[in-house]
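Text of the file protein-v9.cif, holding mmCIF, C-alpha atoms, pLDDT in the B column; chains and numbers go by the auth columns:
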data_structure
#
loop_
_atom_site.group_PDB
_atom_site.id
_atom_site.type_symbol
_atom_site.label_atom_id
_atom_site.label_comp_id
_atom_site.label_asym_id
_atom_site.label_seq_id
_atom_site.Cartn_x
_atom_site.Cartn_y
_atom_site.Cartn_z
_atom_site.B_iso_or_equiv
_atom_site.auth_seq_id
_atom_site.auth_asym_id
ATOM 1 C CA MET A 1 -14.671 64.369 -100.795 72.00 11 A
ATOM 2 C CA LYS A 2 -17.538 63.370 -98.514 83.00 12 A
ATOM 3 C CA ASP A 3 -19.737 66.230 -97.369 93.00 13 A
ATOM 4 C CA LEU A 4 -20.120 67.292 -93.758 95.00 14 A
ATOM 5 C CA SER A 5 -23.433 65.542 -93.159 96.00 15 A
ATOM 6 C CA GLU A 6 -22.017 62.202 -94.357 97.00 16 A
ATOM 7 C CA LEU A 7 -18.989 62.611 -92.071 97.00 17 A
ATOM 8 C CA ARG A 8 -21.279 63.409 -89.149 97.00 18 A
ATOM 9 C CA VAL A 9 -23.366 60.303 -89.782 98.00 19 A
ATOM 10 C CA GLU A 10 -20.160 58.265 -89.692 98.00 20 A
ATOM 11 C CA ILE A 11 -19.102 59.887 -86.398 98.00 21 A
ATOM 12 C CA ASP A 12 -22.545 59.195 -84.957 98.00 22 A
ATOM 13 C CA GLU A 13 -22.368 55.510 -85.910 98.00 23 A
ATOM 14 C CA ILE A 14 -18.931 55.224 -84.325 98.00 24 A
ATOM 15 C CA ASP A 15 -20.097 57.027 -81.174 98.00 25 A
ATOM 16 C CA SER A 16 -23.037 54.663 -80.858 98.00 26 A
ATOM 17 C CA LYS A 17 -20.636 51.692 -80.853 98.00 27 A
ATOM 18 C CA ILE A 18 -18.179 53.427 -78.508 98.00 28 A
ATOM 19 C CA ALA A 19 -20.979 54.229 -76.031 98.00 29 A
ATOM 20 C CA GLU A 20 -22.054 50.587 -75.948 98.00 30 A
ATOM 21 C CA LEU A 21 -18.466 49.371 -75.459 98.00 31 A
ATOM 22 C CA PHE A 22 -17.843 52.004 -72.765 98.00 32 A
ATOM 23 C CA GLU A 23 -20.861 50.819 -70.795 98.00 33 A
ATOM 24 C CA MET A 24 -19.809 47.162 -71.187 98.00 34 A
ATOM 25 C CA ARG A 25 -16.270 48.047 -70.048 98.00 35 A
ATOM 26 C CA MET A 26 -17.496 49.899 -66.960 98.00 36 A
ATOM 27 C CA ASP A 27 -19.713 46.948 -66.070 98.00 37 A
ATOM 28 C CA ILE A 28 -16.755 44.570 -66.304 98.00 38 A
ATOM 29 C CA ALA A 29 -14.642 47.006 -64.220 97.00 39 A
ATOM 30 C CA LYS A 30 -17.352 46.743 -61.550 97.00 40 A
ATOM 31 C CA ASN A 31 -17.091 42.948 -61.647 97.00 41 A
ATOM 32 C CA VAL A 32 -13.290 43.191 -61.407 97.00 42 A
ATOM 33 C CA VAL A 33 -13.459 45.261 -58.229 96.00 43 A
ATOM 34 C CA LEU A 34 -16.142 43.022 -56.711 96.00 44 A
ATOM 35 C CA TYR A 35 -13.974 39.978 -57.490 96.00 45 A
ATOM 36 C CA LYS A 36 -10.941 41.616 -55.886 95.00 46 A
ATOM 37 C CA ILE A 37 -12.912 42.605 -52.786 95.00 47 A
ATOM 38 C CA ALA A 38 -14.309 39.062 -52.459 94.00 48 A
ATOM 39 C CA ASN A 39 -10.801 37.618 -52.774 94.00 49 A
ATOM 40 C CA ASN A 40 -8.984 40.127 -50.559 93.00 50 A
ATOM 41 C CA MET A 41 -6.856 41.262 -53.470 93.00 51 A
ATOM 42 C CA GLU A 42 -5.017 44.514 -54.021 91.00 52 A
ATOM 43 C CA ILE A 43 -7.527 46.761 -55.789 89.00 53 A
ATOM 44 C CA PHE A 44 -5.319 49.027 -57.891 90.00 54 A
ATOM 45 C CA GLN A 45 -2.320 47.654 -59.711 91.00 55 A
ATOM 46 C CA PRO A 46 -0.300 50.431 -61.402 94.00 56 A
ATOM 47 C CA GLU A 47 1.862 47.927 -63.325 95.00 57 A
ATOM 48 C CA ARG A 48 -1.179 46.266 -64.859 94.00 58 A
ATOM 49 C CA GLU A 49 -2.524 49.710 -65.784 95.00 59 A
ATOM 50 C CA LYS A 50 0.726 50.631 -67.567 96.00 60 A
ATOM 51 C CA GLU A 51 0.625 47.358 -69.522 97.00 61 A
ATOM 52 C CA VAL A 52 -2.960 47.963 -70.652 97.00 62 A
ATOM 53 C CA LEU A 53 -2.134 51.522 -71.710 97.00 63 A
ATOM 54 C CA LEU A 54 0.911 50.416 -73.701 97.00 64 A
ATOM 55 C CA LYS A 55 -0.969 47.587 -75.390 98.00 65 A
ATOM 56 C CA ASN A 56 -3.790 49.894 -76.424 98.00 66 A
ATOM 57 C CA CYS A 57 -1.455 52.552 -77.812 97.00 67 A
ATOM 58 C CA LYS A 58 0.283 49.880 -79.877 98.00 68 A
ATOM 59 C CA ARG A 59 -3.067 49.096 -81.496 98.00 69 A
ATOM 60 C CA ILE A 60 -3.096 52.530 -83.133 98.00 70 A
ATOM 61 C CA GLN A 61 -1.696 52.416 -86.680 97.00 71 A
ATOM 62 C CA GLU A 62 -1.298 56.116 -87.425 97.00 72 A
ATOM 63 C CA GLU A 63 1.780 57.498 -85.677 96.00 73 A
ATOM 64 C CA ASN A 64 0.394 61.006 -85.116 95.00 74 A
ATOM 65 C CA ILE A 65 -2.780 59.648 -83.465 98.00 75 A
ATOM 66 C CA LYS A 66 -0.832 57.631 -80.846 97.00 76 A
ATOM 67 C CA PRO A 67 -0.297 60.533 -78.374 97.00 77 A
ATOM 68 C CA TYR A 68 -4.039 61.256 -78.402 98.00 78 A
ATOM 69 C CA ALA A 69 -4.792 57.562 -77.910 98.00 79 A
ATOM 70 C CA ASN A 70 -2.514 57.580 -74.880 98.00 80 A
ATOM 71 C CA ASP A 71 -4.519 60.420 -73.277 98.00 81 A
ATOM 72 C CA PHE A 72 -7.786 58.813 -74.328 98.00 82 A
ATOM 73 C CA PHE A 73 -7.045 55.430 -72.744 98.00 83 A
ATOM 74 C CA GLN A 74 -5.498 57.042 -69.657 98.00 84 A
ATOM 75 C CA ASN A 75 -8.721 58.976 -69.159 98.00 85 A
ATOM 76 C CA LEU A 76 -10.786 55.821 -69.743 98.00 86 A
ATOM 77 C CA MET A 77 -8.815 53.976 -67.058 97.00 87 A
ATOM 78 C CA ASP A 78 -9.012 56.925 -64.649 97.00 88 A
ATOM 79 C CA LEU A 79 -12.807 56.979 -65.020 98.00 89 A
ATOM 80 C CA SER A 80 -12.903 53.227 -64.543 97.00 90 A
ATOM 81 C CA LYS A 81 -10.947 53.595 -61.273 97.00 91 A
ATOM 82 C CA GLU A 82 -13.238 56.380 -60.069 97.00 92 A
ATOM 83 C CA TYR A 83 -16.231 54.124 -60.733 97.00 93 A
ATOM 84 C CA GLN A 84 -14.561 51.163 -59.017 96.00 94 A
ATOM 85 C CA LYS A 85 -13.896 53.286 -55.917 96.00 95 A
ATOM 86 C CA THR A 86 -17.654 53.683 -55.424 96.00 96 A
ATOM 87 C CA PHE A 87 -17.824 49.942 -54.633 95.00 97 A
ATOM 88 C CA LEU A 88 -15.198 50.064 -51.876 93.00 98 A
ATOM 89 C CA LYS A 89 -16.431 50.198 -48.326 77.00 99 A
ATOM 90 C CA ASP A 90 -15.432 53.215 -46.265 64.00 100 A
ATOM 91 C CA MET B 1 -18.662 34.592 -60.811 72.00 29 B
ATOM 92 C CA LYS B 2 -16.129 34.898 -63.611 83.00 30 B
ATOM 93 C CA ASP B 3 -12.509 34.878 -62.520 93.00 31 B
ATOM 94 C CA LEU B 4 -10.121 37.774 -62.952 95.00 32 B
ATOM 95 C CA SER B 5 -8.377 36.415 -66.050 96.00 33 B
ATOM 96 C CA GLU B 6 -11.706 35.957 -67.857 97.00 34 B
ATOM 97 C CA LEU B 7 -12.746 39.517 -66.985 97.00 35 B
ATOM 98 C CA ARG B 8 -9.397 40.820 -68.238 97.00 36 B
ATOM 99 C CA VAL B 9 -9.789 38.984 -71.539 98.00 37 B
ATOM 100 C CA GLU B 10 -13.197 40.637 -71.926 98.00 38 B
ATOM 101 C CA ILE B 11 -11.707 44.082 -71.197 98.00 39 B
ATOM 102 C CA ASP B 12 -8.936 43.427 -73.708 98.00 40 B
ATOM 103 C CA GLU B 13 -11.442 42.487 -76.435 98.00 41 B
ATOM 104 C CA ILE B 14 -13.440 45.645 -75.738 98.00 42 B
ATOM 105 C CA ASP B 15 -10.290 47.791 -75.750 98.00 43 B
ATOM 106 C CA SER B 16 -9.262 46.350 -79.094 98.00 44 B
ATOM 107 C CA LYS B 17 -12.612 47.447 -80.581 98.00 45 B
ATOM 108 C CA ILE B 18 -12.491 50.846 -78.844 98.00 46 B
ATOM 109 C CA ALA B 19 -8.951 51.484 -80.171 98.00 47 B
ATOM 110 C CA GLU B 20 -10.077 50.770 -83.727 98.00 48 B
ATOM 111 C CA LEU B 21 -13.144 53.012 -83.385 98.00 49 B
ATOM 112 C CA PHE B 22 -11.053 55.784 -81.791 98.00 50 B
ATOM 113 C CA GLU B 23 -8.643 55.766 -84.721 98.00 51 B
ATOM 114 C CA MET B 24 -11.529 55.774 -87.225 98.00 52 B
ATOM 115 C CA ARG B 25 -13.164 58.673 -85.367 98.00 53 B
ATOM 116 C CA MET B 26 -9.968 60.733 -85.325 98.00 54 B
ATOM 117 C CA ASP B 27 -9.525 60.123 -89.049 98.00 55 B
ATOM 118 C CA ILE B 28 -13.067 61.364 -89.736 98.00 56 B
ATOM 119 C CA ALA B 29 -12.432 64.387 -87.470 97.00 57 B
ATOM 120 C CA LYS B 30 -9.452 65.183 -89.715 97.00 58 B
ATOM 121 C CA ASN B 31 -11.703 65.005 -92.776 97.00 59 B
ATOM 122 C CA VAL B 32 -14.261 67.256 -91.044 97.00 60 B
ATOM 123 C CA VAL B 33 -11.689 69.971 -90.410 96.00 61 B
ATOM 124 C CA LEU B 34 -10.269 69.691 -93.936 96.00 62 B
ATOM 125 C CA TYR B 35 -13.797 69.992 -95.336 96.00 63 B
ATOM 126 C CA LYS B 36 -14.479 73.068 -93.199 95.00 64 B
ATOM 127 C CA ILE B 37 -11.193 74.702 -94.213 95.00 65 B
ATOM 128 C CA ALA B 38 -11.912 74.011 -97.899 94.00 66 B
ATOM 129 C CA ASN B 39 -15.377 75.519 -97.543 95.00 67 B
ATOM 130 C CA ASN B 40 -14.451 78.512 -95.366 93.00 68 B
ATOM 131 C CA MET B 41 -16.640 77.259 -92.564 93.00 69 B
ATOM 132 C CA GLU B 42 -16.479 77.978 -88.857 91.00 70 B
ATOM 133 C CA ILE B 43 -14.189 75.278 -87.434 89.00 71 B
ATOM 134 C CA PHE B 44 -15.481 74.834 -83.901 90.00 72 B
ATOM 135 C CA GLN B 45 -19.193 74.809 -83.176 91.00 73 B
ATOM 136 C CA PRO B 46 -19.907 74.619 -79.435 94.00 74 B
ATOM 137 C CA GLU B 47 -23.636 74.006 -79.995 95.00 75 B
ATOM 138 C CA ARG B 48 -22.941 70.984 -82.180 94.00 76 B
ATOM 139 C CA GLU B 49 -20.528 69.694 -79.537 95.00 77 B
ATOM 140 C CA LYS B 50 -23.171 69.969 -76.800 96.00 78 B
ATOM 141 C CA GLU B 51 -25.670 68.066 -78.958 97.00 79 B
ATOM 142 C CA VAL B 52 -23.200 65.248 -79.583 97.00 80 B
ATOM 143 C CA LEU B 53 -22.371 65.011 -75.882 97.00 81 B
ATOM 144 C CA LEU B 54 -26.035 64.892 -74.887 97.00 82 B
ATOM 145 C CA LYS B 55 -26.877 62.286 -77.519 98.00 83 B
ATOM 146 C CA ASN B 56 -24.016 60.038 -76.423 98.00 84 B
ATOM 147 C CA CYS B 57 -24.903 60.285 -72.732 97.00 85 B
ATOM 148 C CA LYS B 58 -28.490 59.310 -73.577 98.00 86 B
ATOM 149 C CA ARG B 59 -27.128 56.113 -75.118 98.00 87 B
ATOM 150 C CA ILE B 60 -25.968 54.919 -71.689 98.00 88 B
ATOM 151 C CA GLN B 61 -28.562 52.674 -70.026 97.00 89 B
ATOM 152 C CA GLU B 62 -27.191 52.485 -66.482 97.00 90 B
ATOM 153 C CA GLU B 63 -27.965 55.683 -64.596 96.00 91 B
ATOM 154 C CA ASN B 64 -24.843 55.635 -62.406 95.00 92 B
ATOM 155 C CA ILE B 65 -22.552 55.250 -65.443 98.00 93 B
ATOM 156 C CA LYS B 66 -23.934 58.367 -67.183 97.00 94 B
ATOM 157 C CA PRO B 67 -21.733 60.912 -65.329 97.00 95 B
ATOM 158 C CA TYR B 68 -18.622 58.944 -66.279 98.00 96 B
ATOM 159 C CA ALA B 69 -19.827 58.726 -69.874 98.00 97 B
ATOM 160 C CA ASN B 70 -20.210 62.507 -69.894 98.00 98 B
ATOM 161 C CA ASP B 71 -16.548 62.960 -68.872 98.00 99 B
ATOM 162 C CA PHE B 72 -15.448 60.233 -71.273 98.00 100 B
ATOM 163 C CA PHE B 73 -17.127 61.764 -74.337 98.00 101 B
ATOM 164 C CA GLN B 74 -16.104 65.291 -73.326 98.00 102 B
ATOM 165 C CA ASN B 75 -12.497 64.107 -73.220 98.00 103 B
ATOM 166 C CA LEU B 76 -12.911 62.338 -76.574 98.00 104 B
ATOM 167 C CA MET B 77 -14.200 65.535 -78.180 97.00 105 B
ATOM 168 C CA ASP B 78 -11.465 67.639 -76.563 97.00 106 B
ATOM 169 C CA LEU B 79 -8.819 65.312 -77.999 98.00 107 B
ATOM 170 C CA SER B 80 -10.533 65.422 -81.360 97.00 108 B
ATOM 171 C CA LYS B 81 -10.400 69.242 -81.307 97.00 109 B
ATOM 172 C CA GLU B 82 -6.719 69.218 -80.328 97.00 110 B
ATOM 173 C CA TYR B 83 -6.007 66.924 -83.272 97.00 111 B
ATOM 174 C CA GLN B 84 -8.087 69.078 -85.629 96.00 112 B
ATOM 175 C CA LYS B 85 -6.121 72.180 -84.582 96.00 113 B
ATOM 176 C CA THR B 86 -2.949 70.613 -85.994 96.00 114 B
ATOM 177 C CA PHE B 87 -4.481 70.965 -89.489 95.00 115 B
ATOM 178 C CA LEU B 88 -5.177 74.685 -89.179 93.00 116 B
ATOM 179 C CA LYS B 89 -2.687 77.027 -90.787 77.00 117 B
ATOM 180 C CA ASP B 90 -0.895 79.465 -88.507 64.00 118 B
#
Using structure tokens, write down the structure from this file.
Amino acid sequence: MKDLSELRVEIDEIDSKIAELFEMRMDIAKNVVLYKIANNMEIFQPEREKEVLLKNCKRIQEENIKPYANDFFQNLMDLSKEYQKTFLKD
Amino acid sequence: MKDLSELRVEIDEIDSKIAELFEMRMDIAKNVVLYKIANNMEIFQPEREKEVLLKNCKRIQEENIKPYANDFFQNLMDLSKEYQKTFLKD
């Protein structure tokens, strides 16, 4: 059994990667909303959101982690939408 | 300017990596709680949680993404705690 400090180092390494990916994802979400504004497109597409959520939950192998992954990705997409809203004109 | 389909492919690639890291992190969180149970340790340590949150927010370069990162990592840790609770005996 690994000791607590080893497990915490592993969590820290994962968090470092997740933080980088989160920032990249938010930056792309900004570009998505700017693209949609420039092209007079509908900004929020609930069907697309459902598809992304489903696809991401399917990526989870362990059955009992799936419900948590659903909440996790829903929250990620909610935050992405909140950030995108800051680029919309009043 | 990249078109929408290119941006969506990029988001999908990022999500694939995030999903894998999320599952790895939840699995380590399980091992953390099992270690703590086996060693009669305090299960939830709010000070440690605050440190992790602060460290992860500092990893974000873009100032206006930091508040979203705070919510994102808080949610991640909340889900991790919910999952850990399922391993505690009644």
**Report entry** Distance-based interface of chain B with chain A, 9 Å, counting only C-alpha atoms, as a ChimeraX atom specification
**Finding:** /B:29-32,35-36,38-40,42-57,59-60,63-64,80,84-85,87-90,92-94,96-97,99-101,103-104,107-108,110-111
Query raised in the report: Any chance you could work out the residue set of the PyMOL selection byres ((chain A and resi 52-54) around 9) here, as a ChimeraX atom specification?
Result: /A:42-43,46-47,50-51,55-56,58-59,91,94
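CA of Lys113 in chain B lies 25.3 Å from CA of Leu64 in chain A.
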Using every C-alpha atom paired in order, could you least-squares fit chain A onto chain B and give me the moved chain as a compact mmCIF listing (two decimals) with C-alpha atoms, in the frame of the given file?
# COMPACT_ATOMS: atom_id res chain seq x y z
CA MET A 11 -18.67 34.57 -60.80
CA LYS A 12 -16.14 34.91 -63.61
CA ASP A 13 -12.52 34.88 -62.50
CA LEU A 14 -10.14 37.78 -62.95
CA SER A 15 -8.39 36.42 -66.03
CA GLU A 16 -11.72 35.96 -67.86
CA LEU A 17 -12.75 39.53 -66.98
CA ARG A 18 -9.40 40.82 -68.24
CA VAL A 19 -9.80 38.98 -71.54
CA GLU A 20 -13.19 40.64 -71.93
CA ILE A 21 -11.71 44.09 -71.19
CA ASP A 22 -8.94 43.42 -73.71
CA GLU A 23 -11.44 42.49 -76.43
CA ILE A 24 -13.44 45.64 -75.74
CA ASP A 25 -10.29 47.79 -75.75
CA SER A 26 -9.26 46.34 -79.09
CA LYS A 27 -12.60 47.45 -80.58
CA ILE A 28 -12.48 50.84 -78.85
CA ALA A 29 -8.95 51.49 -80.17
CA GLU A 30 -10.07 50.76 -83.73
CA LEU A 31 -13.14 53.01 -83.40
CA PHE A 32 -11.05 55.78 -81.80
CA GLU A 33 -8.64 55.76 -84.72
CA MET A 34 -11.52 55.77 -87.23
CA ARG A 35 -13.16 58.67 -85.36
CA MET A 36 -9.96 60.73 -85.33
CA ASP A 37 -9.54 60.12 -89.06
CA ILE A 38 -13.07 61.36 -89.73
CA ALA A 39 -12.43 64.39 -87.47
CA LYS A 40 -9.46 65.18 -89.72
CA ASN A 41 -11.71 65.01 -92.78
CA VAL A 42 -14.26 67.25 -91.04
CA VAL A 43 -11.69 69.97 -90.41
CA LEU A 44 -10.27 69.68 -93.94
CA TYR A 45 -13.81 70.00 -95.33
CA LYS A 46 -14.48 73.07 -93.19
CA ILE A 47 -11.20 74.69 -94.21
CA ALA A 48 -11.92 74.01 -97.90
CA ASN A 49 -15.40 75.52 -97.53
CA ASN A 50 -14.45 78.51 -95.37
CA MET A 51 -16.64 77.26 -92.55
CA GLU A 52 -16.49 77.97 -88.85
CA ILE A 53 -14.20 75.28 -87.43
CA PHE A 54 -15.50 74.82 -83.89
CA GLN A 55 -19.20 74.80 -83.18
CA PRO A 56 -19.92 74.62 -79.43
CA GLU A 57 -23.65 74.00 -79.99
CA ARG A 58 -22.96 70.98 -82.18
CA GLU A 59 -20.53 69.70 -79.54
CA LYS A 60 -23.18 69.98 -76.80
CA GLU A 61 -25.67 68.08 -78.96
CA VAL A 62 -23.21 65.25 -79.60
CA LEU A 63 -22.36 65.01 -75.89
CA LEU A 64 -26.03 64.89 -74.88
CA LYS A 65 -26.87 62.29 -77.51
CA ASN A 66 -24.02 60.05 -76.42
CA CYS A 67 -24.90 60.29 -72.73
CA LYS A 68 -28.47 59.31 -73.57
CA ARG A 69 -27.12 56.11 -75.12
CA ILE A 70 -25.97 54.92 -71.69
CA GLN A 71 -28.56 52.67 -70.03
CA GLU A 72 -27.19 52.48 -66.49
CA GLU A 73 -27.97 55.68 -64.60
CA ASN A 74 -24.85 55.63 -62.41
CA ILE A 75 -22.55 55.25 -65.44
CA LYS A 76 -23.94 58.37 -67.18
CA PRO A 77 -21.73 60.92 -65.32
CA TYR A 78 -18.62 58.95 -66.29
CA ALA A 79 -19.83 58.73 -69.88
CA ASN A 80 -20.20 62.51 -69.90
CA ASP A 81 -16.54 62.96 -68.88
CA PHE A 82 -15.45 60.24 -71.27
CA PHE A 83 -17.12 61.76 -74.34
CA GLN A 84 -16.09 65.29 -73.34
CA ASN A 85 -12.49 64.11 -73.23
CA LEU A 86 -12.90 62.32 -76.58
CA MET A 87 -14.19 65.53 -78.18
CA ASP A 88 -11.45 67.64 -76.57
CA LEU A 89 -8.80 65.30 -78.01
CA SER A 90 -10.53 65.42 -81.37
CA LYS A 91 -10.38 69.25 -81.31
CA GLU A 92 -6.71 69.21 -80.33
CA TYR A 93 -6.00 66.92 -83.28
CA GLN A 94 -8.07 69.08 -85.64
CA LYS A 95 -6.11 72.18 -84.58
CA THR A 96 -2.94 70.61 -86.00
CA PHE A 97 -4.47 70.96 -89.49
CA LEU A 98 -5.16 74.70 -89.18
CA LYS A 99 -2.68 77.04 -90.76
CA ASP A 100 -0.93 79.50 -88.47
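You will find CA of Leu98 in chain A at 21.4 Å from CA of Gln84 in chain A.
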**Report entry** Atomic separation - CA of Lys117 in chain B relative to CA of Lys58 in chain B, Å
**Finding:** 13.7 Å
